[in-house]
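> Next up is a structure, given as structure tokens.
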Amino acid sequence: MNDIQQAENPLSQNFMMKSLLKFAFPTILMMIFMGLYTVVDTIFIARFIDANALSALNIVCPVINLIVGLGTMLATGGSAIIARKMGAGEQTRASQDFTLIISTGVLIGILIAIFGTIFINKIIWELGASSILFPYCKEYLFILLLFTPANILQVLFQNLIVTAGHPEIGMILGVSAGVTNIFLDYVFIVLLQMGIKGAAFGTGIGYMIPAVIGLLFFSTRKGNLHFRKPVIDIFVLKESCMNGFSEMVSQMATAVTTFLFNGVMMKLLGENGVAAITIIIYMQFLLSALYIGFSMGIAPVISYNYGKQDEKQLKNVFSICIRFILGVFFVVANYICLIFMQIHALFYFNYIIYSDLLIFCCQNVAKLLY
């Protein structure tokens with residue numbers, strides 16, 4: 001990449017607090033919106049299907065965490081490598097590595113879809129489903145497994161579009177997927193009465209929107225990053241996995257804690273207890289979406305300047321990040337109790353009223369932030 005191309009790259013600017021937040025804002029907004037539509041998805045299931053469907057959603061959640069974790073590992077790890085090479089001026093190789101990572105993600109998605117559907121019964125029983133929840137879990141998980149390649153692609157594109165210097169397009173992808181999901185939830189669940197199958201199809205088709213748009217966007221050769229014939233480099237894949245392993249561990253930790261929560265609540269309160277903890281877990285994701293969006297937005301900036309060996313800019317960006325995270329933490333922590341006290345009203349359904357349990361859980365989540 002020559003000097004003119006490097007100057008045109010949005011990642012190459014000298015960031016201050018305002019400009020860095022402006023650059024990261026579309027990604028922050030995208031993740032917050034994704035958190036919101038995930039919660040809305042849960043509300044549709046709680047209000048228009050039943051408590052067992054809500055419980056089933058959380059029983060199979062660890063499988064979804066695993067899929068997203070693998071996609072995030074490739075996306076964040078690969079983003080670091082690609083941005084570093086772009087910063088070092090290796091534009092062609094960056095595009096080749098990008099294509100390799102995308103291809104690997106699709107292959108992993110296909111393999112998970114195949115083996116997941118083959119062993120779906122065993123997976124559901126091992127996750128702790130009861131005989132009552134099993135049919136709900138199977139219907140929901142089977143459909144989502146079919147959309148696994150699209151799920152991984154959406155995670156990859158939402159990260160790598162930021163690396164390409166177009167966070168606003170990443171925001172459009174997230175918002176369009178969310179709007180589609182909410183609309184299809186209403187059509188499939190409320191109008192067509194498809195039950196939990198409708199929720200799964202709405203989510204799966206929502207995955208397709210960023211996947212298809214991302215494929216079209218990177219198929220053009222107008223931007224700094226686009227599809228090229230890849231070089232099969234095992235070292236690149238290994239480094240991507242190593243760089244992104246911490247994000248994978250984070251998702252797996254969520255999967256394990258969700259699994260343990262489900263087991264405890266099933267033992268103590270049965271299917272209704274799992275439904276109650278489902279609400280808490282999904283609201284926790286909404287609150288953490290702001291931090292996730294900010295980290296996704298600024299990660300390519302750090303990798304790019306690392307590739308340029310610009311130590312001064314790296315220290316500057318790091319300082320801005322620390323100040324932003326601490327400031328947001330104190331704001332969110334001070335208002336979290338007020339937000340959570342209204343949750344039980346949003347998720348109210350006739351067959352189970354666990355508002356006291358929800359309030360208790362919400363208050364303790366708030367305490368944990370301190």
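Just remember, in the structure tokens the first chain shown is A, the second B, etc., residues are 1-based per chain, and ligands are 1-based in the order shown.
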Quick one: everything within 8 Å of range 142-159 of chain A, counting only C-alpha atoms, minus sequence neighbours fewer than 4 positions away in the same chain. Send it as a PyMOL selection string.
chain A and resi 67-68+70-72+74-76+79+102+105-110+112-113+116-117+120+138+163+170-171+173-174+197+200-201+203-205+207-208+210-211+214+296
> Just asking: which residues within range 12-203 of chain A are alpha helix (DSSP H) according to DSSP, as a PyMOL selection string?
chain A and resi 17-48+51-59+61-87+91-118+120-126+134-146+148-163+167-185+196-203
> Listing only residues of range 279-332 of chain A within 12 Å of range 247-251 of chain A, what is the closest atom pair and its distance in Å (to one decimal) for each, using only C-alpha atoms, sorted by chain and residue number ascending, as a tab-separated table?

residue	atom	partner	partner_atom	distance
A:Phe285	CA	A:Gln251	CA	11.3
A:Ile292	CA	A:Glu247	CA	10.4
A:Ser295	CA	A:Glu247	CA	11.1
A:Met296	CA	A:Glu247	CA	11.0
> For the selection just defined, write its residues with all heavy atoms to a file, as a PDB file, in the first residue's frame.

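To be explicit, this is the file written out as out-v6.pdb:
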ATOM      1  N   PHE A 285     -26.469  -9.569  28.847  1.00  0.00           N
ATOM      2  CA  PHE A 285     -25.856  -9.373  27.539  1.00  0.00           C
ATOM      3  C   PHE A 285     -26.121  -7.968  27.021  1.00  0.00           C
ATOM      4  O   PHE A 285     -25.237  -7.329  26.445  1.00  0.00           O
ATOM      5  CB  PHE A 285     -26.382 -10.409  26.538  1.00  0.00           C
ATOM      6  CG  PHE A 285     -25.945 -10.136  25.122  1.00  0.00           C
ATOM      7  CD1 PHE A 285     -24.636 -10.346  24.739  1.00  0.00           C
ATOM      8  CD2 PHE A 285     -26.841  -9.654  24.179  1.00  0.00           C
ATOM      9  CE1 PHE A 285     -24.217 -10.087  23.436  1.00  0.00           C
ATOM     10  CE2 PHE A 285     -26.440  -9.393  22.877  1.00  0.00           C
ATOM     11  CZ  PHE A 285     -25.123  -9.609  22.499  1.00  0.00           C
ATOM     12  N   ILE A 292     -18.612  -4.331  24.694  1.00  0.00           N
ATOM     13  CA  ILE A 292     -18.211  -5.194  23.578  1.00  0.00           C
ATOM     14  C   ILE A 292     -18.111  -4.387  22.291  1.00  0.00           C
ATOM     15  O   ILE A 292     -17.156  -4.520  21.520  1.00  0.00           O
ATOM     16  CB  ILE A 292     -19.223  -6.354  23.404  1.00  0.00           C
ATOM     17  CG1 ILE A 292     -19.221  -7.252  24.643  1.00  0.00           C
ATOM     18  CG2 ILE A 292     -18.885  -7.176  22.163  1.00  0.00           C
ATOM     19  CD1 ILE A 292     -20.323  -8.287  24.650  1.00  0.00           C
ATOM     20  N   SER A 295     -14.953  -2.167  22.322  1.00  0.00           N
ATOM     21  CA  SER A 295     -13.722  -2.931  22.112  1.00  0.00           C
ATOM     22  C   SER A 295     -13.604  -3.399  20.663  1.00  0.00           C
ATOM     23  O   SER A 295     -12.512  -3.394  20.083  1.00  0.00           O
ATOM     24  CB  SER A 295     -13.665  -4.133  23.059  1.00  0.00           C
ATOM     25  OG  SER A 295     -14.721  -5.045  22.797  1.00  0.00           O
ATOM     26  N   MET A 296     -14.734  -3.805  20.055  1.00  0.00           N
ATOM     27  CA  MET A 296     -14.720  -4.197  18.643  1.00  0.00           C
ATOM     28  C   MET A 296     -14.365  -3.007  17.756  1.00  0.00           C
ATOM     29  O   MET A 296     -13.655  -3.152  16.753  1.00  0.00           O
ATOM     30  CB  MET A 296     -16.092  -4.745  18.235  1.00  0.00           C
ATOM     31  CG  MET A 296     -16.395  -6.133  18.750  1.00  0.00           C
ATOM     32  SD  MET A 296     -18.116  -6.616  18.411  1.00  0.00           S
ATOM     33  CE  MET A 296     -18.200  -6.440  16.622  1.00  0.00           C
TER      34      MET A 296
END
> For Met31 in chain A, which residue out of A:Leu290, A:Ile322, A:Val301, A:Leu111 is the nearest one, using only C-alpha atoms?
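Nearest to Met31 in chain A: A:Leu290.
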> Produce a table with one row for each residue of range 93-168 of chain A that has an atom at most 12 Å from any atom of range 303-321 of chain A, each row naming the nearest atom pair and its distance in Å at one decimal; use only C-alpha atoms; arrange rows by chain and rising residue number; format as CSV.

residue,atom,partner,partner_atom,distance
A:Ala94,CA,A:Tyr304,CA,11.5
A:Val162,CA,A:Tyr304,CA,11.7
A:Thr163,CA,A:Tyr304,CA,8.7
A:Ala164,CA,A:Tyr304,CA,10.7
A:Gly165,CA,A:Tyr304,CA,10.7
> Contacts of Lys238 in chain A at 10 Å or less, counting only C-alpha atoms, minus same-chain residues fewer than 6 places along, as a count of residues only?
4
> Distance CA of Thr180 in chain A-CA of Gly206 in chain A, one decimal place?
5.8 Å
> Of the residues A:Ser55, A:Thr220, A:Thr99, A:Asn14, which is the one nearest to Thr258 in chain A, using only C-alpha atoms?
A:Ser55
> Please provide the set of residues having any atom within 10 Å of Glu168 in chain A, restricted to only C-alpha atoms, with same-chain residues fewer than 5 positions apart removed, written as a list in words.
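Neighbouring residues, sequence-local ones excluded: Phe23, Ala24, Phe25, Pro26, Thr27, Leu29, Met30, Ile161, Val162, Leu173 and Gly174 of chain A.
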> Would you save the residues from that selection as a PDB file, in the first residue's frame, using N, CA, C and O atoms?

ATOM      1  N   PHE A  23     -15.385   7.197  15.676  1.00  0.00           N
ATOM      2  CA  PHE A  23     -15.066   6.026  14.856  1.00  0.00           C
ATOM      3  C   PHE A  23     -15.714   4.764  15.428  1.00  0.00           C
ATOM      4  O   PHE A  23     -16.231   3.921  14.681  1.00  0.00           O
ATOM      5  N   ALA A  24     -15.699   4.634  16.760  1.00  0.00           N
ATOM      6  CA  ALA A  24     -16.231   3.425  17.401  1.00  0.00           C
ATOM      7  C   ALA A  24     -17.743   3.463  17.574  1.00  0.00           C
ATOM      8  O   ALA A  24     -18.367   2.416  17.792  1.00  0.00           O
ATOM      9  N   PHE A  25     -18.341   4.660  17.467  1.00  0.00           N
ATOM     10  CA  PHE A  25     -19.779   4.800  17.761  1.00  0.00           C
ATOM     11  C   PHE A  25     -20.675   3.874  16.940  1.00  0.00           C
ATOM     12  O   PHE A  25     -21.592   3.259  17.503  1.00  0.00           O
ATOM     13  N   PRO A  26     -20.472   3.742  15.615  1.00  0.00           N
ATOM     14  CA  PRO A  26     -21.346   2.829  14.866  1.00  0.00           C
ATOM     15  C   PRO A  26     -21.299   1.395  15.387  1.00  0.00           C
ATOM     16  O   PRO A  26     -22.332   0.716  15.441  1.00  0.00           O
ATOM     17  N   THR A  27     -20.112   0.933  15.792  1.00  0.00           N
ATOM     18  CA  THR A  27     -19.988  -0.425  16.310  1.00  0.00           C
ATOM     19  C   THR A  27     -20.642  -0.538  17.679  1.00  0.00           C
ATOM     20  O   THR A  27     -21.289  -1.558  17.985  1.00  0.00           O
ATOM     21  N   LEU A  29     -23.185   1.283  18.716  1.00  0.00           N
ATOM     22  CA  LEU A  29     -24.622   1.317  18.453  1.00  0.00           C
ATOM     23  C   LEU A  29     -25.103  -0.021  17.901  1.00  0.00           C
ATOM     24  O   LEU A  29     -26.177  -0.510  18.270  1.00  0.00           O
ATOM     25  N   MET A  30     -24.299  -0.634  17.034  1.00  0.00           N
ATOM     26  CA  MET A  30     -24.650  -1.935  16.465  1.00  0.00           C
ATOM     27  C   MET A  30     -24.813  -2.980  17.567  1.00  0.00           C
ATOM     28  O   MET A  30     -25.796  -3.734  17.592  1.00  0.00           O
ATOM     29  N   ILE A 161     -15.536  -5.679   8.841  1.00  0.00           N
ATOM     30  CA  ILE A 161     -15.929  -4.453   8.139  1.00  0.00           C
ATOM     31  C   ILE A 161     -15.363  -3.230   8.872  1.00  0.00           C
ATOM     32  O   ILE A 161     -15.003  -2.235   8.253  1.00  0.00           O
ATOM     33  N   VAL A 162     -15.255  -3.332  10.179  1.00  0.00           N
ATOM     34  CA  VAL A 162     -14.613  -2.260  10.952  1.00  0.00           C
ATOM     35  C   VAL A 162     -13.125  -2.196  10.595  1.00  0.00           C
ATOM     36  O   VAL A 162     -12.557  -1.108  10.426  1.00  0.00           O
ATOM     37  N   LEU A 173     -25.439  -3.326   9.098  1.00  0.00           N
ATOM     38  CA  LEU A 173     -25.638  -4.774   9.101  1.00  0.00           C
ATOM     39  C   LEU A 173     -26.343  -5.222  10.382  1.00  0.00           C
ATOM     40  O   LEU A 173     -27.300  -6.002  10.338  1.00  0.00           O
ATOM     41  N   GLY A 174     -25.851  -4.740  11.524  1.00  0.00           N
ATOM     42  CA  GLY A 174     -26.448  -5.130  12.795  1.00  0.00           C
ATOM     43  C   GLY A 174     -27.881  -4.668  12.941  1.00  0.00           C
ATOM     44  O   GLY A 174     -28.752  -5.419  13.376  1.00  0.00           O
TER      45      GLY A 174
END
> Would you pick out the contacts of Gly202 in chain A at 8 Å or less, using only C-alpha atoms, so that residues sharing its chain but fewer than 5 positions from it are not included, and give the list as a list of chain:residue names?
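Non-adjacent residues within range: A:Thr180, A:Asn181, A:Ile182, A:Leu184, A:Asp185, A:Phe188.
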> Keeping only all heavy atoms, write the selected residues as a short mmCIF file (atom, residue, chain, number, x, y, z; two decimals), in the first residue's frame.

data_model
loop_
_atom_site.label_atom_id
_atom_site.label_comp_id
_atom_site.auth_asym_id
_atom_site.auth_seq_id
_atom_site.Cartn_x
_atom_site.Cartn_y
_atom_site.Cartn_z
N THR A 180 -35.05 -7.05 10.95
CA THR A 180 -35.59 -8.23 10.27
C THR A 180 -36.03 -9.28 11.27
O THR A 180 -37.11 -9.87 11.14
CB THR A 180 -34.52 -8.84 9.33
OG1 THR A 180 -34.12 -7.86 8.37
CG2 THR A 180 -35.07 -10.06 8.60
N ASN A 181 -35.19 -9.52 12.28
CA ASN A 181 -35.51 -10.52 13.30
C ASN A 181 -36.79 -10.17 14.05
O ASN A 181 -37.67 -11.02 14.25
CB ASN A 181 -34.34 -10.64 14.28
CG ASN A 181 -34.46 -11.85 15.20
OD1 ASN A 181 -35.42 -12.60 15.14
ND2 ASN A 181 -33.48 -12.03 16.05
N ILE A 182 -36.91 -8.92 14.47
CA ILE A 182 -38.09 -8.49 15.23
C ILE A 182 -39.34 -8.60 14.36
O ILE A 182 -40.39 -9.10 14.81
CB ILE A 182 -37.90 -7.05 15.73
CG1 ILE A 182 -36.79 -7.00 16.80
CG2 ILE A 182 -39.21 -6.50 16.32
CD1 ILE A 182 -36.37 -5.60 17.20
N LEU A 184 -39.83 -10.54 11.72
CA LEU A 184 -40.16 -11.95 11.46
C LEU A 184 -40.68 -12.65 12.72
O LEU A 184 -41.50 -13.56 12.63
CB LEU A 184 -38.93 -12.67 10.92
CG LEU A 184 -38.50 -12.25 9.51
CD1 LEU A 184 -37.25 -13.00 9.08
CD2 LEU A 184 -39.62 -12.48 8.50
N ASP A 185 -40.19 -12.24 13.89
CA ASP A 185 -40.75 -12.78 15.14
C ASP A 185 -42.25 -12.48 15.21
O ASP A 185 -43.04 -13.36 15.58
CB ASP A 185 -40.04 -12.16 16.35
CG ASP A 185 -38.76 -12.89 16.71
OD1 ASP A 185 -38.57 -14.01 16.22
OD2 ASP A 185 -37.96 -12.33 17.47
N PHE A 188 -43.97 -14.67 12.34
CA PHE A 188 -43.95 -16.12 12.56
C PHE A 188 -44.62 -16.53 13.88
O PHE A 188 -45.32 -17.54 13.93
CB PHE A 188 -42.51 -16.64 12.53
CG PHE A 188 -41.86 -16.56 11.18
CD1 PHE A 188 -40.48 -16.41 11.08
CD2 PHE A 188 -42.60 -16.64 10.02
CE1 PHE A 188 -39.87 -16.34 9.83
CE2 PHE A 188 -42.00 -16.57 8.77
CZ PHE A 188 -40.63 -16.42 8.68
#
